[in-house]
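Peer 1: To be precise about what I am sending: the file is called final.tsv and holds TSV, C-alpha atoms and all ligand atoms.
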chain	number	residue	atom	x	y	z
V	210	MET	CA	0.00	0.00	0.00
V	211	ILE	CA	1.50	3.36	-0.91
V	212	ASP	CA	1.14	6.45	1.25
V	213	PRO	CA	-0.71	9.20	-0.64
V	214	GLY	CA	1.52	11.70	1.17
V	215	TRP	CA	4.67	10.35	-0.49
V	216	GLY	CA	6.23	12.26	-3.36
V	217	ASP	CA	5.95	11.29	-7.03
V	218	GLY	CA	9.25	9.39	-7.07
V	219	THR	CA	8.40	7.28	-4.02
V	220	ARG	CA	4.89	6.55	-5.24
V	221	ALA	CA	6.11	5.63	-8.75
V	222	VAL	CA	8.64	3.16	-7.32
V	223	HIS	CA	6.38	1.51	-4.75
V	224	ALA	CA	2.99	1.56	-6.49
V	225	GLY	CA	1.82	-2.00	-7.08
V	226	ASP	CA	4.58	-3.63	-5.03
V	227	PRO	CA	3.44	-6.32	-2.60
V	228	PRO	CA	4.28	-6.06	1.11
V	229	PRO	CA	7.87	-7.23	1.77
V	230	VAL	CA	8.19	-10.97	2.42
V	231	PRO	CA	11.54	-12.42	3.56
V	232	GLY	CA	13.02	-14.33	0.65
V	233	GLY	CA	10.61	-12.77	-1.85
V	234	PRO	CA	11.68	-10.55	-4.77
V	235	LEU	CA	11.43	-6.76	-4.46
V	236	ARG	CA	9.42	-6.51	-7.70
V	237	PRO	CA	6.65	-8.99	-8.52
V	238	SER	CA	7.63	-11.30	-11.37
V	239	PRO	CA	5.31	-11.93	-14.32
V	240	VAL	CA	3.02	-14.95	-14.12
V	241	PHE	CA	2.81	-16.42	-17.60
V	242	ALA	CA	-0.49	-18.26	-17.75
V	243	ALA	CA	-3.66	-18.15	-19.85
V	244	PRO	CA	-5.77	-20.76	-17.99
V	245	PHE	CA	-5.11	-21.53	-14.33
V	246	HIS	CA	-5.72	-24.78	-12.43
V	247	LEU	CA	-9.32	-24.92	-11.35
V	248	GLY	CA	-9.04	-27.89	-9.01
V	249	ASP	CA	-12.24	-29.45	-7.78
V	250	GLN	CA	-13.88	-26.16	-6.77
V	251	PRO	CA	-16.29	-24.06	-8.90
V	252	PRO	CA	-14.36	-21.51	-11.06
V	253	ARG	CA	-13.10	-18.52	-9.05
V	254	ALA	CA	-13.97	-20.12	-5.71
V	255	GLY	CA	-11.98	-18.23	-3.10
V	256	GLY	CA	-11.02	-15.60	-5.70
V	257	ALA	CA	-8.65	-17.94	-7.57
V	258	ASP	CA	-7.69	-16.99	-11.12
V	259	ALA	CA	-9.35	-19.00	-13.88
V	260	TYR	CA	-8.59	-17.43	-17.28
V	261	ALA	CA	-6.31	-14.50	-18.04
V	262	ARG	CA	-8.58	-12.57	-20.42
V	263	THR	CA	-10.67	-11.57	-17.43
V	264	GLU	CA	-7.98	-11.35	-14.77
V	265	HIS	CA	-4.42	-12.42	-14.02
V	266	PRO	CA	-1.89	-11.73	-11.26
V	267	THR	CA	0.43	-9.48	-13.30
V	268	LEU	CA	-2.52	-7.42	-14.52
V	269	ARG	CA	-3.62	-6.86	-10.91
V	270	VAL	CA	-0.16	-5.53	-10.05
V	271	LEU	CA	-0.16	-3.09	-12.98
V	272	GLU	CA	-3.71	-1.94	-12.21
V	273	GLU	CA	-2.92	-1.48	-8.54
V	274	ALA	CA	0.09	0.65	-9.51
V	275	ILE	CA	-1.64	2.89	-12.07
V	276	GLY	CA	-4.76	3.16	-9.91
V	277	ALA	CA	-2.65	4.34	-6.98
V	278	LEU	CA	-1.24	7.19	-9.09
V	279	ASP	CA	-4.63	8.07	-10.60
V	280	GLY	CA	-6.44	7.90	-7.25
V	281	GLY	CA	-9.02	5.42	-8.54
V	282	ARG	CA	-9.65	1.82	-9.57
V	283	CYS	CA	-7.77	1.05	-12.77
V	284	LEU	CA	-8.53	-1.31	-15.64
V	285	ALA	CA	-5.62	-1.83	-18.00
V	286	PHE	CA	-5.98	-2.34	-21.75
V	287	ALA	CA	-3.75	-3.55	-24.55
V	288	THR	CA	-3.54	-0.03	-26.07
V	289	GLY	CA	-4.75	3.50	-25.43
V	290	MET	CA	-7.36	3.17	-28.18
V	291	ALA	CA	-8.72	-0.02	-26.59
V	292	ALA	CA	-9.11	1.99	-23.36
V	293	ILE	CA	-10.80	4.95	-25.06
V	294	SER	CA	-13.21	2.80	-27.06
V	295	ALA	CA	-14.04	0.82	-23.90
V	296	ALA	CA	-14.75	4.00	-21.95
V	297	VAL	CA	-17.03	5.41	-24.64
V	298	LEU	CA	-18.85	2.21	-25.50
V	299	ALA	CA	-19.31	1.17	-21.88
V	300	CYS	CA	-21.02	4.50	-21.17
V	301	ALA	CA	-22.89	5.42	-24.36
V	302	GLY	CA	-24.99	3.60	-26.93
V	303	ALA	CA	-27.19	4.18	-29.95
V	304	GLY	CA	-28.94	7.56	-29.87
V	305	ASP	CA	-26.69	9.02	-27.13
V	306	ARG	CA	-25.01	12.39	-27.72
V	307	VAL	CA	-21.26	12.19	-27.13
V	308	LEU	CA	-18.96	15.23	-27.24
V	309	LEU	CA	-15.39	14.61	-28.38
V	310	PRO	CA	-12.51	17.07	-28.79
V	311	SER	CA	-12.17	18.33	-32.38
V	312	ASP	CA	-8.45	18.94	-31.82
V	313	GLY	CA	-7.42	15.87	-29.80
V	314	TYR	CA	-5.67	12.67	-30.86
V	315	TYR	CA	-6.91	12.04	-34.42
V	316	THR	CA	-7.53	8.28	-34.11
V	317	THR	CA	-10.28	9.05	-31.58
V	318	ARG	CA	-12.02	10.96	-34.38
V	319	ILE	CA	-11.40	8.06	-36.79
V	320	LEU	CA	-12.96	5.72	-34.20
V	321	ALA	CA	-15.97	8.03	-33.97
V	322	ASP	CA	-16.45	8.58	-37.70
V	323	ALA	CA	-15.77	4.98	-38.76
V	324	GLU	CA	-17.33	2.99	-35.92
V	325	LEU	CA	-19.27	4.98	-33.30
V	326	ASP	CA	-21.35	6.73	-35.94
V	327	ARG	CA	-22.19	3.36	-37.55
V	328	LEU	CA	-23.36	2.11	-34.14
V	329	GLY	CA	-25.76	5.05	-33.82
V	330	LEU	CA	-23.90	7.27	-31.31
V	331	ARG	CA	-24.48	10.96	-32.06
V	332	ILE	CA	-20.99	12.42	-32.09
V	333	GLU	CA	-20.36	16.16	-31.82
V	334	TYR	CA	-16.90	17.73	-31.97
V	335	VAL	CA	-15.96	20.64	-29.72
V	336	PRO	CA	-12.54	22.36	-29.60
V	337	THR	CA	-10.63	22.07	-26.33
V	338	LEU	CA	-10.81	25.84	-25.94
V	339	GLY	CA	-14.57	25.86	-26.63
V	340	ILE	CA	-15.88	23.19	-24.25
V	341	GLU	CA	-15.77	25.31	-21.10
V	342	GLY	CA	-17.93	28.07	-22.66
V	343	LEU	CA	-20.34	25.50	-24.07
V	344	ALA	CA	-20.65	23.80	-20.69
V	345	ALA	CA	-21.13	27.10	-18.84
V	346	GLY	CA	-23.88	28.08	-21.27
V	347	GLY	CA	-25.94	24.94	-20.60
V	348	GLY	CA	-24.65	23.17	-23.72
V	349	LEU	CA	-24.28	19.82	-21.96
V	350	SER	CA	-27.99	19.38	-21.46
V	351	GLY	CA	-29.07	16.11	-23.08
V	352	VAL	CA	-25.46	14.97	-23.52
V	353	ARG	CA	-24.62	11.44	-22.36
V	354	MET	CA	-20.84	11.66	-22.35
V	355	VAL	CA	-18.04	14.23	-22.73
V	356	LEU	CA	-14.43	13.31	-23.49
V	357	LEU	CA	-11.82	15.99	-22.88
V	358	GLU	CA	-8.18	15.79	-23.86
V	359	THR	CA	-6.09	18.27	-21.89
V	360	PRO	CA	-3.42	19.21	-22.77
V	361	SER	CA	-4.69	18.39	-26.24
V	362	ASN	CA	-2.43	16.50	-28.59
V	363	PRO	CA	-0.79	17.94	-30.64
V	364	GLN	CA	-1.60	21.64	-30.12
V	365	LEU	CA	-1.35	21.61	-26.30
V	366	ASP	CA	-4.44	23.63	-25.46
V	367	VAL	CA	-5.74	23.23	-21.92
V	368	CYS	CA	-9.32	23.35	-20.63
V	369	ASP	CA	-10.69	23.67	-17.11
V	370	VAL	CA	-11.59	20.10	-16.07
V	371	ALA	CA	-13.24	21.10	-12.77
V	372	ALA	CA	-15.53	23.63	-14.48
V	373	VAL	CA	-16.60	21.12	-17.15
V	374	ALA	CA	-17.02	18.43	-14.47
V	375	ARG	CA	-19.47	20.63	-12.52
V	376	ALA	CA	-21.54	21.27	-15.64
V	377	ALA	CA	-21.40	17.60	-16.67
V	378	ARG	CA	-22.59	16.49	-13.25
V	379	ALA	CA	-25.47	18.99	-13.34
V	380	ALA	CA	-26.45	17.73	-16.81
V	381	GLY	CA	-26.16	14.03	-15.85
V	382	ALA	CA	-23.35	13.48	-18.38
V	383	VAL	CA	-20.36	11.18	-17.79
V	384	LEU	CA	-17.06	13.07	-18.01
V	385	ALA	CA	-13.91	11.27	-19.20
V	386	VAL	CA	-10.49	12.91	-19.58
V	387	ASP	CA	-7.74	11.64	-21.86
V	388	ASN	CA	-4.78	12.27	-19.56
V	389	THR	CA	-2.11	10.82	-21.85
V	390	THR	CA	0.05	13.92	-22.27
V	391	ALA	CA	-0.03	14.86	-18.58
V	392	THR	CA	0.38	11.31	-17.12
V	393	PRO	CA	-1.17	10.30	-13.76
V	394	ILE	CA	1.51	12.19	-11.80
V	395	GLY	CA	1.14	15.31	-13.93
V	396	GLN	CA	-2.63	15.69	-13.54
V	397	ARG	CA	-5.32	13.86	-11.55
V	398	PRO	CA	-8.61	14.25	-13.45
V	399	LEU	CA	-10.53	12.23	-10.82
V	400	ASP	CA	-9.53	14.81	-8.17
V	401	LEU	CA	-10.80	17.51	-10.53
V	402	GLY	CA	-14.25	15.88	-10.69
V	403	ALA	CA	-14.01	13.68	-13.81
V	404	ASP	CA	-15.78	10.32	-13.70
V	405	LEU	CA	-13.15	8.53	-15.76
V	406	THR	CA	-9.52	9.17	-16.60
V	407	VAL	CA	-8.14	7.35	-19.63
V	408	GLY	CA	-4.67	7.19	-21.05
V	409	SER	CA	-2.35	5.78	-23.64
V	410	ASP	CA	0.36	4.28	-21.43
V	411	THR	CA	2.33	3.61	-24.59
V	412	LYS	CA	3.50	7.22	-24.05
V	413	ALA	CA	5.29	8.71	-21.03
V	414	LEU	CA	3.77	6.50	-18.33
V	415	THR	CA	5.80	3.52	-19.57
V	416	GLY	CA	8.05	5.71	-21.71
V	417	HIS	CA	10.57	3.44	-23.46
V	418	SER	CA	8.96	3.23	-26.93
V	419	ASP	CA	8.83	-0.55	-26.70
V	420	LEU	CA	5.30	-1.47	-25.64
V	421	LEU	CA	1.64	-0.59	-26.09
V	422	LEU	CA	-0.69	-0.18	-23.13
V	423	GLY	CA	-3.70	1.87	-22.06
V	424	HIS	CA	-5.97	2.22	-19.06
V	425	VAL	CA	-9.22	3.58	-17.64
V	426	SER	CA	-9.51	4.57	-13.96
V	427	THR	CA	-12.58	5.61	-11.98
V	428	ARG	CA	-13.90	5.95	-8.43
V	429	ASP	CA	-17.40	4.97	-9.54
V	430	ASP	CA	-17.96	1.25	-8.92
V	431	ALA	CA	-20.83	1.00	-11.41
V	432	LEU	CA	-18.70	2.56	-14.18
V	433	HIS	CA	-15.80	0.31	-13.22
V	434	ASP	CA	-18.00	-2.75	-13.55
V	435	ARG	CA	-19.34	-1.58	-16.94
V	436	VAL	CA	-15.84	-1.02	-18.33
V	437	ARG	CA	-14.64	-4.33	-16.90
V	438	ALA	CA	-17.59	-6.17	-18.45
V	439	TRP	CA	-16.78	-4.50	-21.78
V	440	ARG	CA	-13.15	-5.63	-21.55
V	441	ASN	CA	-14.05	-9.16	-20.52
V	442	SER	CA	-16.23	-9.69	-23.55
V	443	THR	CA	-14.31	-7.70	-26.17
V	444	GLY	CA	-10.93	-8.95	-24.96
V	445	GLY	CA	-8.61	-5.93	-24.94
V	446	THR	CA	-6.78	-7.25	-21.86
V	447	PRO	CA	-2.97	-6.89	-21.82
V	448	GLY	CA	-1.02	-10.11	-21.40
V	449	PRO	CA	1.44	-10.78	-18.55
V	450	PHE	CA	4.60	-9.67	-20.35
V	451	GLU	CA	3.22	-6.24	-21.28
V	452	ALA	CA	1.68	-5.81	-17.83
V	453	TRP	CA	4.97	-6.64	-16.11
V	454	LEU	CA	7.03	-4.47	-18.44
V	455	GLY	CA	4.57	-1.63	-17.95
V	456	HIS	CA	4.84	-1.82	-14.17
V	457	ARG	CA	8.62	-2.06	-14.33
V	458	SER	CA	8.84	0.96	-16.65
V	459	MET	CA	6.54	3.10	-14.51
V	460	SER	CA	9.00	3.02	-11.62
V	461	THR	CA	11.15	5.69	-13.28
V	462	LEU	CA	8.29	7.96	-14.36
V	463	ASP	CA	9.17	10.74	-11.94
V	464	LEU	CA	12.82	10.85	-13.04
V	465	ARG	CA	11.99	10.66	-16.72
V	466	LEU	CA	9.36	13.41	-16.53
V	467	ALA	CA	11.70	15.65	-14.57
V	468	ARG	CA	14.43	15.40	-17.23
V	469	GLN	CA	11.96	15.67	-20.10
V	470	ALA	CA	10.40	18.80	-18.60
V	471	GLN	CA	13.78	20.38	-17.89
V	472	THR	CA	14.76	19.84	-21.52
V	473	ALA	CA	11.37	21.00	-22.78
V	474	ALA	CA	11.74	24.31	-20.92
V	475	ALA	CA	15.08	24.92	-22.68
V	476	VAL	CA	13.81	23.67	-26.06
V	477	ALA	CA	10.72	25.91	-25.89
V	478	GLU	CA	12.91	28.97	-25.18
V	479	VAL	CA	15.23	28.23	-28.11
V	480	LEU	CA	12.31	27.64	-30.47
V	481	ALA	CA	10.43	30.74	-29.30
V	482	ALA	CA	13.52	32.94	-29.81
V	483	HIS	CA	14.22	31.64	-33.31
V	484	PRO	CA	13.29	34.09	-36.09
V	485	VAL	CA	11.76	31.56	-38.51
V	486	VAL	CA	9.96	29.29	-36.02
V	487	ARG	CA	6.42	30.32	-35.20
V	488	GLY	CA	3.77	29.40	-32.65
V	489	THR	CA	5.92	27.65	-30.04
V	490	ARG	CA	3.70	25.97	-27.45
V	491	TRP	CA	4.65	24.55	-24.07
V	492	PRO	CA	1.97	25.12	-21.43
V	493	TRP	CA	4.49	25.87	-18.69
V	494	ARG	CA	6.17	28.68	-20.56
V	495	ARG	CA	5.06	31.92	-18.94
V	496	GLU	CA	4.07	33.43	-22.31
V	497	ASP	CA	1.97	30.39	-23.34
V	498	PRO	CA	-1.82	30.93	-23.59
V	499	SER	CA	-2.31	27.78	-21.45
V	500	PHE	CA	0.18	28.83	-18.76
V	501	GLU	CA	-2.19	30.18	-16.12
V	502	LEU	CA	-4.67	27.29	-16.28
V	503	ALA	CA	-2.00	24.59	-16.67
V	504	SER	CA	-0.13	25.89	-13.60
V	505	ARG	CA	-3.33	25.89	-11.55
V	506	GLN	CA	-4.78	22.59	-12.74
V	507	MET	CA	-1.77	20.41	-13.41
V	508	LEU	CA	0.73	19.06	-10.94
V	509	ARG	CA	3.92	19.24	-13.01
V	510	PRO	CA	5.16	19.84	-16.55
V	511	ASN	CA	6.23	17.28	-19.14
V	512	GLY	CA	8.36	17.10	-22.25
V	513	VAL	CA	5.98	17.73	-25.16
V	514	VAL	CA	6.47	20.98	-27.11
V	515	SER	CA	4.98	22.04	-30.43
V	516	ALA	CA	6.02	24.66	-32.98
V	517	GLU	CA	5.64	25.56	-36.62
V	518	PHE	CA	8.37	25.50	-39.26
V	519	ALA	CA	7.86	27.12	-42.67
V	520	ASP	CA	6.88	23.94	-44.52
V	521	GLU	CA	7.63	20.24	-44.96
V	522	ALA	CA	10.99	20.97	-46.63
V	523	ALA	CA	12.09	22.97	-43.58
V	524	VAL	CA	11.28	20.04	-41.27
V	525	LEU	CA	13.28	17.70	-43.52
V	526	ARG	CA	16.25	20.12	-43.57
V	527	PHE	CA	16.08	20.26	-39.77
V	528	LEU	CA	16.05	16.46	-39.50
V	529	GLY	CA	18.93	16.19	-41.96
V	530	ALA	CA	21.08	18.32	-39.65
V	531	THR	CA	20.31	16.64	-36.30
V	532	ARG	CA	21.75	13.53	-34.70
V	533	LEU	CA	19.69	13.18	-31.52
V	534	TRP	CA	16.34	14.51	-32.75
V	535	VAL	CA	14.94	11.68	-34.87
V	536	ALA	CA	11.70	11.49	-36.81
V	537	ALA	CA	9.18	9.26	-35.06
V	538	THR	CA	5.56	9.46	-34.06
V	539	SER	CA	4.29	8.87	-30.51
V	540	PHE	CA	5.83	10.82	-27.61
V	541	GLY	CA	6.94	10.57	-23.99
V	542	GLY	CA	9.78	8.11	-24.61
V	543	VAL	CA	13.42	8.23	-23.57
V	544	HIS	CA	14.57	9.35	-27.04
V	545	SER	CA	14.06	12.90	-28.32
V	546	THR	CA	11.75	12.76	-31.33
V	547	VAL	CA	10.14	15.06	-33.87
V	548	ASP	CA	6.81	14.35	-35.54
V	549	ARG	CA	5.53	16.39	-38.49
V	550	ARG	CA	1.87	15.91	-37.78
V	551	ALA	CA	0.47	16.86	-41.20
V	552	GLN	CA	2.06	13.74	-42.72
V	553	TRP	CA	-0.57	11.60	-40.96
V	554	GLY	CA	-3.49	13.57	-42.40
V	555	GLY	CA	-5.65	13.54	-39.27
V	556	ASP	CA	-4.92	16.93	-37.67
V	557	GLU	CA	-5.85	20.36	-38.98
V	558	VAL	CA	-2.34	21.74	-38.71
V	559	PRO	CA	-0.03	23.50	-41.20
V	560	ALA	CA	2.43	21.37	-43.21
V	561	GLY	CA	5.38	22.57	-41.10
V	562	PHE	CA	3.73	21.93	-37.70
V	563	VAL	CA	5.92	19.69	-35.54
V	564	ARG	CA	5.51	18.02	-32.16
V	565	PHE	CA	8.77	17.72	-30.25
V	566	SER	CA	8.99	15.02	-27.61
V	567	CYS	CA	11.97	15.66	-25.36
V	568	GLY	CA	13.72	12.48	-24.25
V	569	ILE	CA	15.95	11.89	-21.26
V	570	GLU	CA	19.31	12.51	-22.92
V	571	ASP	CA	21.42	15.30	-21.39
V	572	THR	CA	19.62	18.60	-21.82
V	573	ALA	CA	22.74	20.37	-23.09
V	574	ASP	CA	23.26	17.75	-25.84
V	575	VAL	CA	19.62	17.88	-26.93
V	576	VAL	CA	19.61	21.68	-27.04
V	577	ALA	CA	22.92	21.78	-28.97
V	578	ASP	CA	21.46	19.30	-31.47
V	579	LEU	CA	18.30	21.42	-31.75
V	580	GLU	CA	20.43	24.47	-32.51
V	581	ALA	CA	22.33	22.53	-35.17
V	582	GLY	CA	19.03	21.58	-36.79
V	583	LEU	CA	17.68	25.12	-36.59
V	584	ALA	CA	20.85	26.45	-38.22
V	585	ALA	CA	19.88	24.45	-41.31
V	586	LEU	CA	16.64	26.42	-41.63
P	1	LIG	C1	-3.73	11.63	-26.50
P	1	LIG	C2	-3.72	10.22	-27.00
P	1	LIG	N1	-4.72	9.40	-26.66
P	1	LIG	C3	-4.75	8.12	-27.09
P	1	LIG	C4	-3.78	7.61	-27.91
P	1	LIG	C5	-3.87	6.20	-28.40
P	1	LIG	O1	-2.98	5.38	-27.75
P	1	LIG	P1	-2.40	3.98	-28.35
P	1	LIG	O2	-1.54	4.35	-29.52
P	1	LIG	O3	-1.68	3.40	-27.19
P	1	LIG	O4	-3.59	3.18	-28.78
P	1	LIG	C6	-2.71	8.42	-28.29
P	1	LIG	C7	-1.64	7.89	-29.16
P	1	LIG	O5	-0.86	8.65	-29.71
P	1	LIG	C8	-2.69	9.76	-27.82
P	1	LIG	O6	-1.70	10.60	-28.17
Would you write the structure of this file as structure tokens?
Peer 2:
Amino acid sequence: MIDPGWGDGTRAVHAGDPPPVPGGPLRPSPVFAAPFHLGDQPPRAGGADAYARTEHPTLRVLEEAIGALDGGRCLAFATGMAAISAAVLACAGAGDRVLLPSDGYYTTRILADAELDRLGLRIEYVPTLGIEGLAAGGGLSGVRMVLLETPSNPQLDVCDVAAVARAARAAGAVLAVDNTTATPIGQRPLDLGADLTVGSDTKALTGHSDLLLGHVSTRDDALHDRVRAWRNSTGGTPGPFEAWLGHRSMSTLDLRLARQAQTAAAVAEVLAAHPVVRGTRWPWRREDPSFELASRQMLRPNGVVSAEFADEAAVLRFLGATRLWVAATSFGGVHSTVDRRAQWGGDEVPAGFVRFSCGIEDTADVVADLEAGLAAL
């Protein structure tokens, strides 16, 4: 059991660990099993495991760990999209109005347009900067579910979760927050009044660019049971190896975020001062439009920065002149990466818009490499 009064580093290391037992390992080892011995008792008598799609020991460890950081009961999924689709489809059905961010992760919009619409959900898109006004003006009346993504990916706008949560509660709508960019130690949506917090743990939470995971956490037992029932029957459960690796990787979250944020602060300053780079965004930069709200609502910064180069050719020239900054999608990993978002076609961003994900290399090396790349512009 972790002490909620402990700091981020202590909680990240100890979350999910069993009580110390003489002769036992410090970290729980993975249990590789699909079916488990049933014996001569009815399945699950005495809480014994039966089949790993519904539950397994390594999954419980991972869920205990993430849930401790989120401040809720966690259900882990094989990917972030499995978690998001479970959250939406466990809460809303045919005929229900569901509000999604128009400027959030683009595959959530693909899910909505390709699948949710076909199933009869009535999807409406609202920009991250527009949802608070809509909610304050009574715009959530008749809405079944709202999904926020704050900071939004990739443009890093921030909305007031507590204000939207109050309006959602008054309207009887379920509020979910995609907390991927912030991570569970960077923002606690459940403390801010959200019913569900969801995340792609493929990103900074596990942070080594070598596994896919996602999760949904809640304090509402009925919602928890709905999402669990959805997972049991649709089968998005992570297996033991991913669950173990995820738990192992989480232990260093505090250290990784600290280095990533330190580098991001320096990277954002260099980008903002450069004459041909426009629109630098990092919500913890004093000049950023999200600064005031991010500082109030979030617990700590992270390593994702965005900015605009002149065009695609400029991004390619930049990448041709860097050694540490490599082109890759995703974010939150230990390597410093650059993603030109327009190449994927899902975001309404200019051709030269890039998302920088600061890794955990030495800040001075990453900044020097950034300057080398910028010199090629
Ligand atoms: C904000 C956000 N939510 C959800 C996802 C989906 O996660 P996954 O790729 O693990 O399915 C992503 C992936 O980039 C993301 O950035």
Peer 1: Please return as a ChimeraX atom specification the residues found within 8 Å of ligand LIG 1 (chain P), counting all atoms listed in the file.
Peer 2: /V:287-293,313-314,316-317,358,361-363,387-390,408-412,421-423,538-540
Peer 1: Nearest residue to Asn441 of chain V out of V:Leu464, V:Pro251, V:Arg505, V:Thr263, using all atoms listed in the file?
Peer 2: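 Counting all atoms listed in the file, the residue closest to Asn441 of chain V is V:Thr263.
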Peer 1: Using all atoms listed in the file, which of V:Phe518, V:Tyr260, V:Tyr315, V:Phe286 sits nearest Gly554 of chain V?
Peer 2: V:Tyr315
Peer 1: Using only the atoms of segment 577-581 of chain V listed in the file, plus 4 Å on each side, state the axis-aligned box centre and edge lengths in Å rounded to one decimal, as JSON.
Peer 2:
{"center_x": 20.6, "center_y": 21.9, "center_z": -32.1, "size_x": 12.6, "size_y": 13.2, "size_z": 14.2}
Peer 1: At most 10 Å is the cut-off: for each residue in segment 384-462 of chain V with any atom that close to an atom of segment 264-271 of chain V, write down the nearest atom pair and the distance in Å rounded to one decimal, counting all atoms listed in the file, chain first then increasing number, as a Markdown table.
Peer 2:
| residue | atom | partner | partner_atom | distance |
| --- | --- | --- | --- | --- |
| V:His424 | CA | V:Leu271 | CA | 9.9 |
| V:Arg437 | CA | V:Glu264 | CA | 9.9 |
| V:Asn441 | CA | V:Glu264 | CA | 8.6 |
| V:Thr446 | CA | V:Glu264 | CA | 8.3 |
| V:Pro447 | CA | V:Leu268 | CA | 7.3 |
| V:Gly448 | CA | V:Leu268 | CA | 7.5 |
| V:Pro449 | CA | V:Thr267 | CA | 5.5 |
| V:Phe450 | CA | V:Thr267 | CA | 8.2 |
| V:Glu451 | CA | V:Leu268 | CA | 8.9 |
| V:Ala452 | CA | V:Leu268 | CA | 5.6 |
| V:Trp453 | CA | V:Thr267 | CA | 6.0 |
| V:Leu454 | CA | V:Leu271 | CA | 9.1 |
| V:Gly455 | CA | V:Leu271 | CA | 7.0 |
| V:His456 | CA | V:Leu271 | CA | 5.3 |
| V:Arg457 | CA | V:Leu271 | CA | 8.9 |
| V:Met459 | CA | V:Leu271 | CA | 9.2 |
Peer 1: Could you check which of V:Ala321, V:Leu338, V:Ile394, V:Ala560 is closest to Ala277 of chain V, using all atoms listed in the file?
Peer 2: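 That would be V:Ile394, the residue with the smallest distance to Ala277 of chain V.
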Peer 1: What separation in Å, quoted to one decimal, exists between atom CA of Ala467 of chain V and atom CA of Ala530 of chain V?
Peer 2: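 Atom CA of Ala530 of chain V lies at a distance of 26.9 Å from atom CA of Ala467 of chain V.
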Peer 1: Kindly provide, as a short mmCIF file (atom, residue, chain, number, x, y, z; two decimals) with C-alpha atoms, in the coordinates of the input, the polymer residues lying within 10 Å of (-15.4, 23.9, -14.5), counting all atoms listed in the file and using the coordinates exactly as they appear in the file.
Peer 2:
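This went into point.cif:
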data_model
loop_
_atom_site.label_atom_id
_atom_site.label_comp_id
_atom_site.auth_asym_id
_atom_site.auth_seq_id
_atom_site.Cartn_x
_atom_site.Cartn_y
_atom_site.Cartn_z
CA ILE V 340 -15.88 23.19 -24.25
CA GLU V 341 -15.77 25.31 -21.10
CA GLY V 342 -17.93 28.07 -22.66
CA ALA V 344 -20.65 23.80 -20.69
CA ALA V 345 -21.13 27.10 -18.84
CA CYS V 368 -9.32 23.35 -20.63
CA ASP V 369 -10.69 23.67 -17.11
CA VAL V 370 -11.59 20.10 -16.07
CA ALA V 371 -13.24 21.10 -12.77
CA ALA V 372 -15.53 23.63 -14.48
CA VAL V 373 -16.60 21.12 -17.15
CA ALA V 374 -17.02 18.43 -14.47
CA ARG V 375 -19.47 20.63 -12.52
CA ALA V 376 -21.54 21.27 -15.64
CA ALA V 377 -21.40 17.60 -16.67
CA LEU V 401 -10.80 17.51 -10.53
CA GLY V 402 -14.25 15.88 -10.69
#
Peer 1: Residues within 10 Å of Leu432 of chain V, please, as a list in words. Count all atoms listed in the file; anything in the same chain fewer than 6 positions from it doesn't count.
Peer 2: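 The neighbour list is Ala296, Ala299, Cys300, Val383, Asp404, Leu405, Ser426 and Ala438 of chain V.
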Peer 1: Keeping only C-alpha atoms, write the selected residues as a compact mmCIF listing (two decimals), keeping the file's coordinate frame.
Peer 2:
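Wrote it out as out_12.txt, contents follow:
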# COMPACT_ATOMS: atom_id res chain seq x y z
CA ALA V 296 -14.75 4.00 -21.95
CA ALA V 299 -19.31 1.17 -21.88
CA CYS V 300 -21.02 4.50 -21.17
CA VAL V 383 -20.36 11.18 -17.79
CA ASP V 404 -15.78 10.32 -13.70
CA LEU V 405 -13.15 8.53 -15.76
CA SER V 426 -9.51 4.57 -13.96
CA ALA V 438 -17.59 -6.17 -18.45
Peer 1: Skipping near chain neighbours, those fewer than 4 positions away, what residues fall within 8 Å of Glu272 of chain V using only C-alpha atoms, listed as number ranges by chain?
Peer 2: V: 225, 268, 276, 282-285
Peer 1: Would you mind reading off the distance between atom CA of Ser458 of chain V and atom CA of Gly416 of chain V, one decimal, in Å?
Peer 2: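 For atom CA of Ser458 of chain V relative to atom CA of Gly416 of chain V, the distance reads 7.0 Å.
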Peer 1: Taking into account only C-alpha atoms, which residue in the set V:Gly512, V:Pro228, V:Gly329, V:Pro310 is nearest to Ala475 of chain V?
Peer 2: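 Using only C-alpha atoms, the shortest distance to Ala475 of chain V belongs to V:Gly512.
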Peer 1: How many Å separate atom CA of Phe562 of chain V from atom CA of Ala516 of chain V?
Peer 2: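 We find that atom CA of Phe562 of chain V and atom CA of Ala516 of chain V lie 5.9 Å from each other.
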Peer 1: Using all atoms listed in the file, which of the listed residues (V:Thr337, V:Asn511, V:Thr472, V:Thr489) sits closest to Val367 of chain V?
Peer 2: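 The answer is V:Thr337, which sits nearest to Val367 of chain V.
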Peer 1: Can you tell me, as a list in words, what residues are no more than 7 Å from Ala259 of chain V when counting all atoms listed in the file, ignoring any on the same chain fewer than 2 positions away?
Peer 2: Pro244, Phe245, His246, Leu247, Pro252, Arg253, Ala257 and Ala261 of chain V
Peer 1: Could the residues in this selection be written to a file with C-alpha atoms, as a PDB file, keeping the file's coordinate frame?
Peer 2:
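Once everything was written out, this is selection-v8.pdb:
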ATOM      1  CA  PRO V 244      -5.770 -20.760 -17.990  1.00  0.00           C
ATOM      2  CA  PHE V 245      -5.110 -21.530 -14.330  1.00  0.00           C
ATOM      3  CA  HIS V 246      -5.720 -24.780 -12.430  1.00  0.00           C
ATOM      4  CA  LEU V 247      -9.320 -24.920 -11.350  1.00  0.00           C
ATOM      5  CA  PRO V 252     -14.360 -21.510 -11.060  1.00  0.00           C
ATOM      6  CA  ARG V 253     -13.100 -18.520  -9.050  1.00  0.00           C
ATOM      7  CA  ALA V 257      -8.650 -17.940  -7.570  1.00  0.00           C
ATOM      8  CA  ALA V 261      -6.310 -14.500 -18.040  1.00  0.00           C
TER       9      ALA V 261
END
